[in-house]
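Asker: Sharing target24.txt here; it has compact mmCIF, C-alpha atoms.
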```
# COMPACT_ATOMS: atom_id res chain seq x y z
CA MET A 27 0.00 0.00 0.00
CA VAL A 28 2.80 2.44 0.93
CA LEU A 29 4.59 1.75 -2.34
CA SER A 30 1.55 2.27 -4.56
CA GLU A 31 0.46 5.42 -2.71
CA LEU A 32 3.98 6.85 -2.81
CA ALA A 33 4.30 6.04 -6.51
CA ALA A 34 1.01 7.86 -7.16
CA ARG A 35 2.21 10.92 -5.24
CA LEU A 36 5.57 11.04 -7.00
CA ASN A 37 3.77 10.73 -10.32
CA CYS A 38 2.83 14.37 -9.72
CA ALA A 39 5.93 16.28 -10.81
CA GLU A 40 5.15 19.35 -8.71
CA TYR A 41 4.66 17.32 -5.52
CA LYS A 42 7.87 15.44 -6.25
CA ASN A 43 9.63 18.81 -6.62
CA TRP A 44 8.20 19.89 -3.25
CA VAL A 45 9.57 16.77 -1.53
CA LYS A 46 12.96 17.16 -3.22
CA ALA A 47 13.21 20.78 -2.11
CA GLY A 48 12.25 19.79 1.41
CA HIS A 49 14.81 17.00 1.40
CA CYS A 50 17.45 19.58 0.42
CA LEU A 51 16.54 21.56 3.53
CA LEU A 52 16.95 18.43 5.66
CA LEU A 53 20.38 17.81 4.12
CA LEU A 54 21.27 21.47 4.63
CA ARG A 55 20.29 21.20 8.28
CA SER A 56 22.47 18.13 8.79
CA CYS A 57 25.58 19.75 7.29
CA LEU A 58 25.12 23.01 9.22
CA GLN A 59 24.61 21.49 12.67
CA GLY A 60 28.26 20.74 13.48
CA PHE A 61 29.50 24.03 12.04
CA VAL A 62 26.89 26.09 13.90
CA GLY A 63 27.57 24.24 17.16
CA ARG A 64 31.29 25.01 16.96
CA GLU A 65 30.73 28.65 16.04
CA VAL A 66 28.23 29.22 18.85
CA LEU A 67 30.78 27.97 21.38
CA SER A 68 33.43 30.22 19.83
CA PHE A 69 31.06 33.21 19.93
CA HIS A 70 30.22 32.60 23.59
CA ARG A 71 33.92 32.22 24.54
CA GLY A 72 34.62 35.49 22.73
CA LEU A 73 31.94 37.34 24.69
CA LEU A 74 33.30 36.05 28.01
CA ALA A 75 36.89 36.89 27.05
CA ALA A 76 35.88 40.45 26.14
CA ASP A 77 33.95 40.91 29.38
CA PRO A 78 34.79 38.38 32.12
CA SER A 79 32.07 39.86 34.36
CA LEU A 80 29.54 38.06 32.12
CA GLY A 81 31.05 34.66 32.93
CA PRO A 82 30.10 31.69 35.13
CA ARG A 83 30.58 33.62 38.38
CA ALA A 84 27.85 36.04 37.32
CA ALA A 85 24.46 34.95 38.61
CA CYS A 86 20.95 36.18 37.83
CA ARG A 87 19.51 37.90 40.91
CA GLY A 88 16.04 38.42 39.49
CA GLY A 89 14.80 34.84 39.57
CA SER A 90 11.40 34.46 37.92
CA ARG A 91 11.22 38.25 37.47
CA CYS A 92 13.92 37.87 34.80
CA SER A 93 11.77 35.52 32.72
CA PRO A 94 11.07 36.82 29.20
CA ARG A 95 7.72 36.46 27.46
CA ALA A 96 7.73 36.15 23.66
CA ARG A 97 9.38 39.35 22.35
CA GLN A 98 9.26 41.13 25.68
CA PHE A 99 12.13 41.09 28.17
CA GLN A 100 12.71 43.62 30.91
CA PRO A 101 15.66 42.35 33.00
CA GLN A 102 15.30 42.81 36.75
CA CYS A 103 18.96 42.29 37.63
CA GLN A 104 22.26 43.78 36.47
CA VAL A 105 23.65 40.51 35.07
CA CYS A 106 20.69 39.87 32.77
CA ALA A 107 20.60 43.54 31.74
CA GLU A 108 24.28 43.37 30.75
CA TRP A 109 23.71 40.16 28.81
CA LYS A 110 20.73 41.65 26.99
CA ARG A 111 22.83 44.66 25.95
CA GLU A 112 25.64 42.37 24.78
CA ILE A 113 23.28 40.19 22.72
CA LEU A 114 21.68 43.23 21.09
CA LYS A 115 25.15 44.58 20.28
CA HIS A 116 25.71 41.53 18.05
CA HIS A 117 22.13 41.20 16.75
CA ILE A 118 21.46 42.28 13.16
CA ASN A 119 17.84 43.04 14.14
CA ARG A 120 18.72 44.90 17.31
CA ASN A 121 15.96 47.45 16.60
CA GLY A 122 13.44 44.86 15.47
CA ASP A 123 12.02 41.59 16.70
CA VAL A 124 14.11 39.50 19.07
CA TYR A 125 12.35 36.43 20.42
CA TRP A 126 13.56 36.52 24.02
CA GLY A 127 11.00 33.88 24.99
CA ASN A 128 13.31 31.23 23.52
CA CYS A 129 15.84 31.84 26.31
CA GLN A 130 16.49 31.22 29.97
CA PRO A 131 18.56 34.35 30.75
CA GLY A 132 19.91 32.89 33.99
CA LEU A 133 21.84 30.34 31.89
CA TRP A 134 23.49 32.86 29.55
CA PRO A 135 26.76 32.98 31.55
CA VAL A 136 27.27 29.21 31.29
CA ASP A 137 25.28 27.95 28.28
CA ALA A 138 26.28 29.14 24.82
CA TRP A 139 23.17 27.67 23.20
CA GLU A 140 20.85 29.71 25.43
CA VAL A 141 22.55 32.80 24.02
CA ALA A 142 22.23 31.49 20.45
CA LYS A 143 18.46 31.10 20.81
CA ALA A 144 18.08 34.88 21.13
CA PHE A 145 19.11 35.06 17.44
CA MET A 146 16.54 32.49 16.28
CA PRO A 147 12.79 32.38 15.45
CA ARG A 148 10.11 31.67 18.04
CA GLY A 149 9.25 28.18 19.20
CA LEU A 150 12.74 27.00 20.20
CA ALA A 151 12.65 27.30 23.99
CA ASP A 152 12.94 23.54 24.49
CA LYS A 153 15.78 22.99 22.00
CA GLN A 154 19.07 22.07 23.66
CA GLY A 155 21.40 22.29 20.67
CA PRO A 156 21.73 22.58 16.88
CA GLU A 157 20.99 18.86 16.41
CA GLU A 158 17.41 19.55 17.61
CA CYS A 159 16.80 22.49 15.26
CA ASP A 160 15.39 22.65 11.75
CA ALA A 161 17.10 24.37 8.83
CA VAL A 162 15.34 27.71 9.20
CA ALA A 163 16.39 28.01 12.85
CA LEU A 164 20.05 27.53 11.92
CA LEU A 165 19.77 29.84 8.91
CA SER A 166 18.15 32.54 11.04
CA LEU A 167 20.96 32.28 13.59
CA ILE A 168 23.57 32.66 10.83
CA ASN A 169 21.67 35.62 9.42
CA SER A 170 20.96 37.41 12.72
CA CYS A 171 24.27 37.07 14.57
CA ASP A 172 27.18 39.22 13.40
CA HIS A 173 29.64 36.53 14.52
CA PHE A 174 28.88 34.81 11.20
CA VAL A 175 30.70 36.51 8.33
CA VAL A 176 28.49 35.70 5.36
CA ASP A 177 26.61 37.36 2.51
CA ARG A 178 23.28 37.77 4.28
CA LYS A 179 21.38 38.27 1.04
CA LYS A 180 22.18 34.66 0.16
CA VAL A 181 20.98 33.45 3.56
CA ILE A 182 17.73 35.40 3.27
CA GLU A 183 17.07 33.97 -0.20
CA VAL A 184 17.26 30.41 1.16
CA ILE A 185 15.02 31.36 4.13
CA LYS A 186 12.46 32.78 1.70
CA CYS A 187 12.54 29.56 -0.31
CA ARG A 188 12.05 27.52 2.86
CA ASN A 189 9.02 29.63 3.77
CA GLU A 190 7.53 29.13 0.31
CA ILE A 191 7.98 25.37 0.70
CA MET A 192 6.33 25.27 4.13
CA HIS A 193 3.54 27.69 3.25
CA SER A 194 2.58 25.98 -0.01
CA SER A 195 -1.02 24.93 0.62
CA GLU A 196 -0.95 22.29 -2.11
CA MET A 197 2.58 21.08 -1.29
CA LYS A 198 3.69 21.63 -4.86
CA VAL A 199 6.40 23.69 -6.56
CA SER A 200 7.17 24.05 -10.25
CA SER A 201 10.30 22.78 -12.01
CA SER A 202 11.39 26.36 -12.73
CA TRP A 203 11.01 27.19 -9.01
CA LEU A 204 13.14 24.14 -8.14
CA GLN A 205 15.85 25.23 -10.57
CA ASP A 206 15.87 28.69 -9.02
CA PHE A 207 16.04 27.12 -5.55
CA GLN A 208 19.04 25.04 -6.63
CA ILE A 209 20.90 28.18 -7.66
CA LYS A 210 20.08 29.95 -4.39
CA ILE A 211 21.03 27.06 -2.14
CA GLN A 212 24.29 26.51 -4.03
CA ASN A 213 25.09 30.23 -3.81
CA PHE A 214 24.62 29.97 -0.07
CA LEU A 215 26.78 26.83 0.25
CA ASN A 216 29.56 28.57 -1.69
CA GLU A 217 29.96 30.87 1.31
CA PHE A 218 31.44 27.93 3.25
CA LYS A 219 34.15 26.56 0.97
CA ASN A 220 36.48 26.03 3.94
CA ILE A 221 34.00 23.83 5.87
CA PRO A 222 34.51 20.20 4.68
CA GLU A 223 31.10 18.82 5.69
CA ILE A 224 29.32 21.63 3.88
CA VAL A 225 31.48 21.23 0.75
CA THR A 226 30.64 17.50 0.71
CA MET A 227 26.93 18.26 0.92
CA TYR A 228 27.11 20.60 -2.08
CA SER A 229 27.51 17.73 -4.57
CA ARG A 230 24.94 15.58 -2.79
CA ILE A 231 22.30 18.31 -3.05
CA GLU A 232 23.15 18.87 -6.71
CA GLN A 233 22.73 15.14 -7.40
CA LEU A 234 19.41 15.07 -5.52
CA LEU A 235 17.91 17.97 -7.42
CA THR A 236 18.81 16.50 -10.81
CA SER A 237 17.62 12.91 -10.10
CA ASP A 238 14.20 11.83 -11.35
CA TRP A 239 13.04 9.69 -8.40
CA ALA A 240 11.26 7.21 -10.66
CA VAL A 241 9.44 4.45 -8.75
CA HIS A 242 9.19 0.91 -10.10
CA ILE A 243 5.98 -0.94 -9.20
CA PRO A 244 7.00 -4.64 -9.06
CA ASN A 245 5.05 -7.66 -10.25
CA GLU A 246 3.67 -10.02 -7.60
CA ASP A 247 6.52 -12.49 -8.05
CA GLU A 248 9.03 -9.69 -7.31
CA LEU A 249 7.50 -8.74 -3.96
CA ASP A 250 9.18 -11.29 -1.69
CA GLY A 251 11.72 -9.69 0.64
CA CYS A 252 12.55 -6.83 -1.70
CA GLU A 253 13.35 -3.26 -0.56
CA TYR A 254 12.31 -1.09 -3.47
CA ALA A 255 14.75 1.60 -4.48
CA ILE A 256 13.79 4.88 -6.04
CA ARG A 257 16.12 6.02 -8.77
CA GLY A 258 18.43 8.38 -6.92
CA ASP A 259 19.74 5.94 -4.29
CA LEU A 260 16.84 6.31 -1.83
CA SER A 261 14.58 3.51 -0.68
CA VAL A 262 10.80 3.82 -0.59
CA GLY A 263 11.02 3.88 3.20
CA GLN A 264 13.52 6.75 3.16
CA VAL A 265 11.38 8.89 0.86
CA ASN A 266 8.35 8.15 3.02
CA GLU A 267 10.28 9.30 6.11
CA ILE A 268 11.25 12.51 4.30
CA GLU A 269 7.60 13.17 3.48
CA MET A 270 6.63 12.59 7.12
CA GLU A 271 9.28 14.95 8.43
CA LEU A 272 8.32 17.72 6.01
CA LEU A 273 4.62 17.41 6.79
CA LYS A 274 5.33 17.38 10.53
CA GLU A 275 7.38 20.57 10.15
CA LYS A 276 4.59 22.14 8.12
CA LEU A 277 2.04 21.27 10.83
CA ARG A 278 4.37 22.57 13.58
CA GLU A 279 4.72 25.84 11.69
CA MET A 280 0.94 26.17 11.44
CA TYR A 281 0.57 25.31 15.13
CA LEU A 282 2.95 28.12 16.16
CA GLN A 283 1.18 30.58 13.88
CA ALA A 284 -2.18 29.59 15.39
CA GLU A 285 -0.80 29.75 18.94
CA GLU A 286 0.57 33.27 18.50
CA GLN A 287 -2.25 34.38 16.19
CA GLU A 288 0.26 35.52 13.56
CA VAL A 289 -2.26 34.94 10.79
CA LEU A 290 -6.05 35.10 10.58
CA PRO A 291 -7.94 32.03 11.84
CA GLU A 292 -9.55 31.70 8.42
CA GLU A 293 -6.14 31.30 6.78
CA ILE A 294 -5.12 28.61 9.27
CA SER A 295 -8.46 26.91 8.66
CA ASN A 296 -7.97 26.90 4.88
CA ARG A 297 -4.40 25.62 5.10
CA LEU A 298 -5.36 22.93 7.63
CA GLU A 299 -8.23 21.77 5.44
CA ALA A 300 -5.87 21.51 2.46
CA VAL A 301 -3.57 19.24 4.49
CA LYS A 302 -6.52 17.15 5.66
CA GLU A 303 -7.76 16.78 2.10
CA PHE A 304 -4.30 15.62 1.01
CA LEU A 305 -4.11 13.13 3.88
CA ARG A 306 -7.58 11.75 3.14
CA SER A 307 -6.17 10.54 -0.17
CA ASN A 308 -3.00 9.12 1.39
CA GLU A 309 -3.77 6.72 4.22
CA ASP A 310 -0.11 5.80 4.77
CA LEU A 311 0.64 9.41 5.75
CA ARG A 312 -2.66 10.12 7.48
CA SER A 313 -2.28 7.41 10.12
CA ALA A 314 1.23 8.59 11.05
CA LEU A 315 0.26 12.28 11.24
CA ARG A 316 -3.10 11.95 13.01
CA GLU A 317 -1.74 13.13 16.37
CA ASP A 318 -0.12 16.23 14.81
CA VAL A 319 -3.31 17.13 12.94
CA ASP A 320 -5.47 16.66 16.04
CA LYS A 321 -3.12 18.86 18.09
CA LEU A 322 -3.33 21.66 15.51
CA ASP A 323 -7.10 21.23 15.20
CA SER A 324 -7.49 21.65 18.96
CA ARG A 325 -5.28 24.75 19.09
CA HIS A 326 -7.01 26.30 16.09
CA LEU A 327 -10.47 25.82 17.59
CA GLN A 328 -9.35 27.55 20.81
CA HIS A 329 -8.51 30.71 18.89
CA ARG A 330 -11.37 30.65 16.43
CA LYS A 331 -13.85 32.98 18.12
CA PRO A 332 -16.54 35.23 16.59
CA ASP A 333 -14.73 38.37 17.78
CA SER A 334 -11.27 37.26 16.59
CA GLY A 335 -9.16 40.28 15.81
CA GLY A 336 -6.59 40.67 13.06
CA PRO A 337 -3.29 38.87 12.98
CA GLY A 338 -0.58 39.65 15.45
CA ARG A 339 2.75 41.20 14.59
CA GLN A 340 4.05 39.85 11.35
CA THR A 341 7.54 40.60 10.09
CA PRO A 342 9.81 38.79 7.63
CA GLU A 343 11.63 37.27 10.63
CA SER A 344 8.45 36.10 12.36
CA GLU A 345 7.26 34.33 9.23
CA THR A 346 10.07 31.81 9.51
```
Starting from the file, give its structure as structure tokens.

Answerer:
Amino acid sequence: MVLSELAARLNCAEYKNWVKAGHCLLLLRSCLQGFVGREVLSFHRGLLAADPSLGPRAACRGGSRCSPRARQFQPQCQVCAEWKREILKHHINRNGDVYWGNCQPGLWPVDAWEVAKAFMPRGLADKQGPEECDAVALLSLINSCDHFVVDRKKVIEVIKCRNEIMHSSEMKVSSSWLQDFQIKIQNFLNEFKNIPEIVTMYSRIEQLLTSDWAVHIPNEDELDGCEYAIRGDLSVGQVNEIEMELLKEKLREMYLQAEEQEVLPEEISNRLEAVKEFLRSNEDLRSALREDVDKLDSRHLQHRKPDSGGPGRQTPESET
């Protein structure tokens, strides 16, 4: 059943393009994780070397009063106030949105990753390191923190492409869009020619985007004990896992937007219904994603009131 349903989905060129593009983002995430982790530690060490008073001996005196909420943070102790100033000094969007709610300020003196989360989109409070983050979180960190010396236009272009992938209601992109995406992601990767794991991923992404992912439907006598490969060196199971991960990320994105009322309830409703309609035709995906859909449904219904106001703050950063 999984094979036939997957073959039917990949028979749609635009859906296949959507999955390929999403897979590129997963590969991008995997090759950035080690690099970002090392650079975050280096950044944190640099801050402490420049101002030792920020280090491990510094302790938050404000307790729960120094707990940020979403984009709001008014430190109630000198240590947290100094750390906030230091973070803003290195933040590209120092006069715009900073999602302080990701952070536990009391850990800033000892935990480099808690500092890094101030440079990332909302929804990352429970993430303990780069290995738990998706591609857009890592890209946003690279874009927002001046420790990373990179052409930020190239980073923003990839972030925009990621948003188009996740916000596509039909989960489809054209071949011309995919070709444009390939150019943008390769332009971005060219910024890291001295990072071996990123250089290695460059050719893998190029190979992925040019493969056709043709699926062979076997005869009955071929079924016994066979793991069906899709042209492009991926098994049916691997492609199915990629689909699941992309759809889960899409549903998580919608959940956060519903939770913070970043978009109108009607838009969430329309996008959720489009996902449900897609899943109704694909039982193999529907059964695995039922819990995610139910969670989003519940959150959406909580916010869908007759007197619902307009969307909350919406900026290019908050769309990620």

Asker: I want to know what sits within 9 Å of Leu52 in chain A, based on all atoms listed in the file, with residues of the same chain fewer than 6 positions away left out; could you give that as a list of chain:residue names?

Answerer: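 Listed by chain and then number, they are A:Asp160, A:Ala161, A:Ile268, A:Glu271, A:Leu272.
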
Asker: Hey, what's within 7 Å of Ala144 in chain A if we count all atoms listed in the file and toss same-chain stuff fewer than 4 positions away? As a tab-separated table (two decimals) with C-alpha atoms, in the coordinates of the input, please?

Answerer:
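After the write, around_6.tsv holds the following:
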```
chain	number	residue	atom	x	y	z
A	124	VAL	CA	14.11	39.50	19.07
A	125	TYR	CA	12.35	36.43	20.42
A	126	TRP	CA	13.56	36.52	24.02
A	128	ASN	CA	13.31	31.23	23.52
A	129	CYS	CA	15.84	31.84	26.31
```

Asker: Name all residues at most 12 Å from Leu322 in chain A (count all atoms listed in the file; drop same-chain ones fewer than 6 positions away) and give them as a VMD selection string.

Answerer: chain A and resid 274 276 to 285 291 294 to 295 297 to 299 301 to 302 315 to 316 328 to 329

Asker: Which neighbours of Leu164 in chain A fall inside 12 Å, counting all atoms listed in the file, when residues of the same chain fewer than 6 positions from it are skipped, and could you give them as number ranges by chain?

Answerer: A: 51-52, 54-63, 65-66, 139, 142-147, 150, 153, 155-158, 170-171, 174, 181-182, 184-185, 346

Asker: Write a file of the just-selected residues containing C-alpha atoms, as a PDB file, in the frame of the given file.

Answerer:
```
ATOM      1  CA  LEU A  51      16.540  21.560   3.530  1.00  0.00           C
ATOM      2  CA  LEU A  52      16.950  18.430   5.660  1.00  0.00           C
ATOM      3  CA  LEU A  54      21.270  21.470   4.630  1.00  0.00           C
ATOM      4  CA  ARG A  55      20.290  21.200   8.280  1.00  0.00           C
ATOM      5  CA  SER A  56      22.470  18.130   8.790  1.00  0.00           C
ATOM      6  CA  CYS A  57      25.580  19.750   7.290  1.00  0.00           C
ATOM      7  CA  LEU A  58      25.120  23.010   9.220  1.00  0.00           C
ATOM      8  CA  GLN A  59      24.610  21.490  12.670  1.00  0.00           C
ATOM      9  CA  GLY A  60      28.260  20.740  13.480  1.00  0.00           C
ATOM     10  CA  PHE A  61      29.500  24.030  12.040  1.00  0.00           C
ATOM     11  CA  VAL A  62      26.890  26.090  13.900  1.00  0.00           C
ATOM     12  CA  GLY A  63      27.570  24.240  17.160  1.00  0.00           C
ATOM     13  CA  GLU A  65      30.730  28.650  16.040  1.00  0.00           C
ATOM     14  CA  VAL A  66      28.230  29.220  18.850  1.00  0.00           C
ATOM     15  CA  TRP A 139      23.170  27.670  23.200  1.00  0.00           C
ATOM     16  CA  ALA A 142      22.230  31.490  20.450  1.00  0.00           C
ATOM     17  CA  LYS A 143      18.460  31.100  20.810  1.00  0.00           C
ATOM     18  CA  ALA A 144      18.080  34.880  21.130  1.00  0.00           C
ATOM     19  CA  PHE A 145      19.110  35.060  17.440  1.00  0.00           C
ATOM     20  CA  MET A 146      16.540  32.490  16.280  1.00  0.00           C
ATOM     21  CA  PRO A 147      12.790  32.380  15.450  1.00  0.00           C
ATOM     22  CA  LEU A 150      12.740  27.000  20.200  1.00  0.00           C
ATOM     23  CA  LYS A 153      15.780  22.990  22.000  1.00  0.00           C
ATOM     24  CA  GLY A 155      21.400  22.290  20.670  1.00  0.00           C
ATOM     25  CA  PRO A 156      21.730  22.580  16.880  1.00  0.00           C
ATOM     26  CA  GLU A 157      20.990  18.860  16.410  1.00  0.00           C
ATOM     27  CA  GLU A 158      17.410  19.550  17.610  1.00  0.00           C
ATOM     28  CA  SER A 170      20.960  37.410  12.720  1.00  0.00           C
ATOM     29  CA  CYS A 171      24.270  37.070  14.570  1.00  0.00           C
ATOM     30  CA  PHE A 174      28.880  34.810  11.200  1.00  0.00           C
ATOM     31  CA  VAL A 181      20.980  33.450   3.560  1.00  0.00           C
ATOM     32  CA  ILE A 182      17.730  35.400   3.270  1.00  0.00           C
ATOM     33  CA  VAL A 184      17.260  30.410   1.160  1.00  0.00           C
ATOM     34  CA  ILE A 185      15.020  31.360   4.130  1.00  0.00           C
ATOM     35  CA  THR A 346      10.070  31.810   9.510  1.00  0.00           C
TER      36      THR A 346
END
```

Asker: Report the distance between CA of Gln287 in chain A and CA of Asn169 in chain A in Å, rounded to one decimal place.

Answerer: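 Result for CA of Gln287 in chain A versus CA of Asn169 in chain A: 24.9 Å, one decimal.
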
Asker: Record the distance separating CA of Val262 in chain A and CA of His49 in chain A, expressed in Å with one decimal.

Answerer: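 That distance, rounded to one decimal, is 13.9 Å.
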
Asker: Near range 74-76 of chain A, within 12 Å and counting all atoms listed in the file, which residues show up once chain neighbours fewer than 5 positions away are dropped, as a list in words?

Answerer: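 The contact residues come out as Leu67, Ser68, Phe69, Gly81, Pro82, Arg83, Ala84, Glu108, Trp109, Glu112, Trp134, Pro135, Val136, Asp137, Ala138 and Val141 of chain A.
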
Asker: Could you check the closest approach to Gln205 in chain A for each of A:Arg91, A:Glu232, A:Asn220, A:Ala314 and tell me which residue wins, using all atoms listed in the file?

Answerer: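 For Gln205 in chain A, the nearest of the candidates is A:Glu232.
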
Asker: Which residue out of A:Ile221, A:Ala240, A:Leu273, A:Leu234 has the minimum interatomic distance to Arg64 in chain A when only C-alpha atoms are used?

Answerer: A:Ile221

Asker: Since the input is missing atoms, can you rebuild all heavy atoms for range 296-305 of chain A and write them as an mmCIF file, in the coordinates of the input?

Answerer:
```
data_model
loop_
_atom_site.group_PDB
_atom_site.id
_atom_site.type_symbol
_atom_site.label_atom_id
_atom_site.label_comp_id
_atom_site.auth_asym_id
_atom_site.auth_seq_id
_atom_site.Cartn_x
_atom_site.Cartn_y
_atom_site.Cartn_z
ATOM 1 N N ASN A 296 -8.099 27.301 6.293
ATOM 2 C CA ASN A 296 -7.970 26.900 4.880
ATOM 3 C C ASN A 296 -6.745 26.027 4.653
ATOM 4 O O ASN A 296 -6.806 25.034 3.928
ATOM 5 C CB ASN A 296 -7.899 28.154 3.995
ATOM 6 C CG ASN A 296 -9.200 28.936 3.965
ATOM 7 O OD1 ASN A 296 -10.270 28.379 4.257
ATOM 8 N ND2 ASN A 296 -9.131 30.212 3.632
ATOM 9 N N ARG A 297 -5.630 26.398 5.281
ATOM 10 C CA ARG A 297 -4.400 25.620 5.100
ATOM 11 C C ARG A 297 -4.515 24.250 5.768
ATOM 12 O O ARG A 297 -4.036 23.242 5.233
ATOM 13 C CB ARG A 297 -3.213 26.396 5.651
ATOM 14 C CG ARG A 297 -2.826 27.578 4.753
ATOM 15 C CD ARG A 297 -1.969 28.605 5.452
ATOM 16 N NE ARG A 297 -0.732 28.043 5.975
ATOM 17 C CZ ARG A 297 0.123 28.732 6.718
ATOM 18 N NH1 ARG A 297 -0.135 30.002 7.019
ATOM 19 N NH2 ARG A 297 1.233 28.165 7.150
ATOM 20 N N LEU A 298 -5.169 24.205 6.937
ATOM 21 C CA LEU A 298 -5.360 22.930 7.630
ATOM 22 C C LEU A 298 -6.276 22.021 6.820
ATOM 23 O O LEU A 298 -6.028 20.814 6.711
ATOM 24 C CB LEU A 298 -5.950 23.179 9.020
ATOM 25 C CG LEU A 298 -6.250 21.942 9.873
ATOM 26 C CD1 LEU A 298 -5.010 21.068 10.040
ATOM 27 C CD2 LEU A 298 -6.800 22.355 11.238
ATOM 28 N N GLU A 299 -7.310 22.582 6.250
ATOM 29 C CA GLU A 299 -8.230 21.770 5.440
ATOM 30 C C GLU A 299 -7.530 21.222 4.210
ATOM 31 O O GLU A 299 -7.800 20.083 3.791
ATOM 32 C CB GLU A 299 -9.447 22.616 5.029
ATOM 33 C CG GLU A 299 -10.521 21.845 4.273
ATOM 34 C CD GLU A 299 -10.988 20.587 4.998
ATOM 35 O OE1 GLU A 299 -11.135 20.626 6.232
ATOM 36 O OE2 GLU A 299 -11.174 19.544 4.312
ATOM 37 N N ALA A 300 -6.614 22.001 3.630
ATOM 38 C CA ALA A 300 -5.870 21.510 2.460
ATOM 39 C C ALA A 300 -4.996 20.315 2.849
ATOM 40 O O ALA A 300 -4.894 19.340 2.086
ATOM 41 C CB ALA A 300 -4.993 22.642 1.897
ATOM 42 N N VAL A 301 -4.379 20.375 4.027
ATOM 43 C CA VAL A 301 -3.570 19.240 4.490
ATOM 44 C C VAL A 301 -4.464 18.030 4.749
ATOM 45 O O VAL A 301 -4.124 16.903 4.368
ATOM 46 C CB VAL A 301 -2.792 19.612 5.777
ATOM 47 C CG1 VAL A 301 -2.089 18.385 6.355
ATOM 48 C CG2 VAL A 301 -1.771 20.704 5.488
ATOM 49 N N LYS A 302 -5.598 18.256 5.386
ATOM 50 C CA LYS A 302 -6.520 17.150 5.660
ATOM 51 C C LYS A 302 -6.997 16.489 4.376
ATOM 52 O O LYS A 302 -7.096 15.258 4.283
ATOM 53 C CB LYS A 302 -7.725 17.653 6.469
ATOM 54 C CG LYS A 302 -7.431 17.973 7.914
ATOM 55 C CD LYS A 302 -8.716 18.444 8.592
ATOM 56 C CE LYS A 302 -8.514 18.710 10.059
ATOM 57 N NZ LYS A 302 -9.757 19.196 10.700
ATOM 58 N N GLU A 303 -7.302 17.312 3.385
ATOM 59 C CA GLU A 303 -7.760 16.780 2.100
ATOM 60 C C GLU A 303 -6.673 15.915 1.466
ATOM 61 O O GLU A 303 -6.937 14.840 0.918
ATOM 62 C CB GLU A 303 -8.143 17.935 1.172
ATOM 63 C CG GLU A 303 -8.636 17.512 -0.203
ATOM 64 C CD GLU A 303 -9.909 16.694 -0.145
ATOM 65 O OE1 GLU A 303 -10.722 16.893 0.780
ATOM 66 O OE2 GLU A 303 -10.093 15.829 -1.046
ATOM 67 N N PHE A 304 -5.436 16.380 1.539
ATOM 68 C CA PHE A 304 -4.300 15.620 1.010
ATOM 69 C C PHE A 304 -4.162 14.295 1.758
ATOM 70 O O PHE A 304 -3.964 13.237 1.154
ATOM 71 C CB PHE A 304 -3.029 16.453 1.157
ATOM 72 C CG PHE A 304 -1.758 15.724 0.822
ATOM 73 C CD1 PHE A 304 -1.376 15.519 -0.498
ATOM 74 C CD2 PHE A 304 -0.926 15.244 1.832
ATOM 75 C CE1 PHE A 304 -0.200 14.845 -0.812
ATOM 76 C CE2 PHE A 304 0.251 14.577 1.533
ATOM 77 C CZ PHE A 304 0.612 14.372 0.206
ATOM 78 N N LEU A 305 -4.283 14.336 3.080
ATOM 79 C CA LEU A 305 -4.110 13.130 3.880
ATOM 80 C C LEU A 305 -5.257 12.135 3.693
ATOM 81 O O LEU A 305 -5.061 10.925 3.804
ATOM 82 C CB LEU A 305 -3.979 13.493 5.368
ATOM 83 C CG LEU A 305 -2.711 14.273 5.752
ATOM 84 C CD1 LEU A 305 -2.733 14.642 7.230
ATOM 85 C CD2 LEU A 305 -1.455 13.483 5.417
#
```
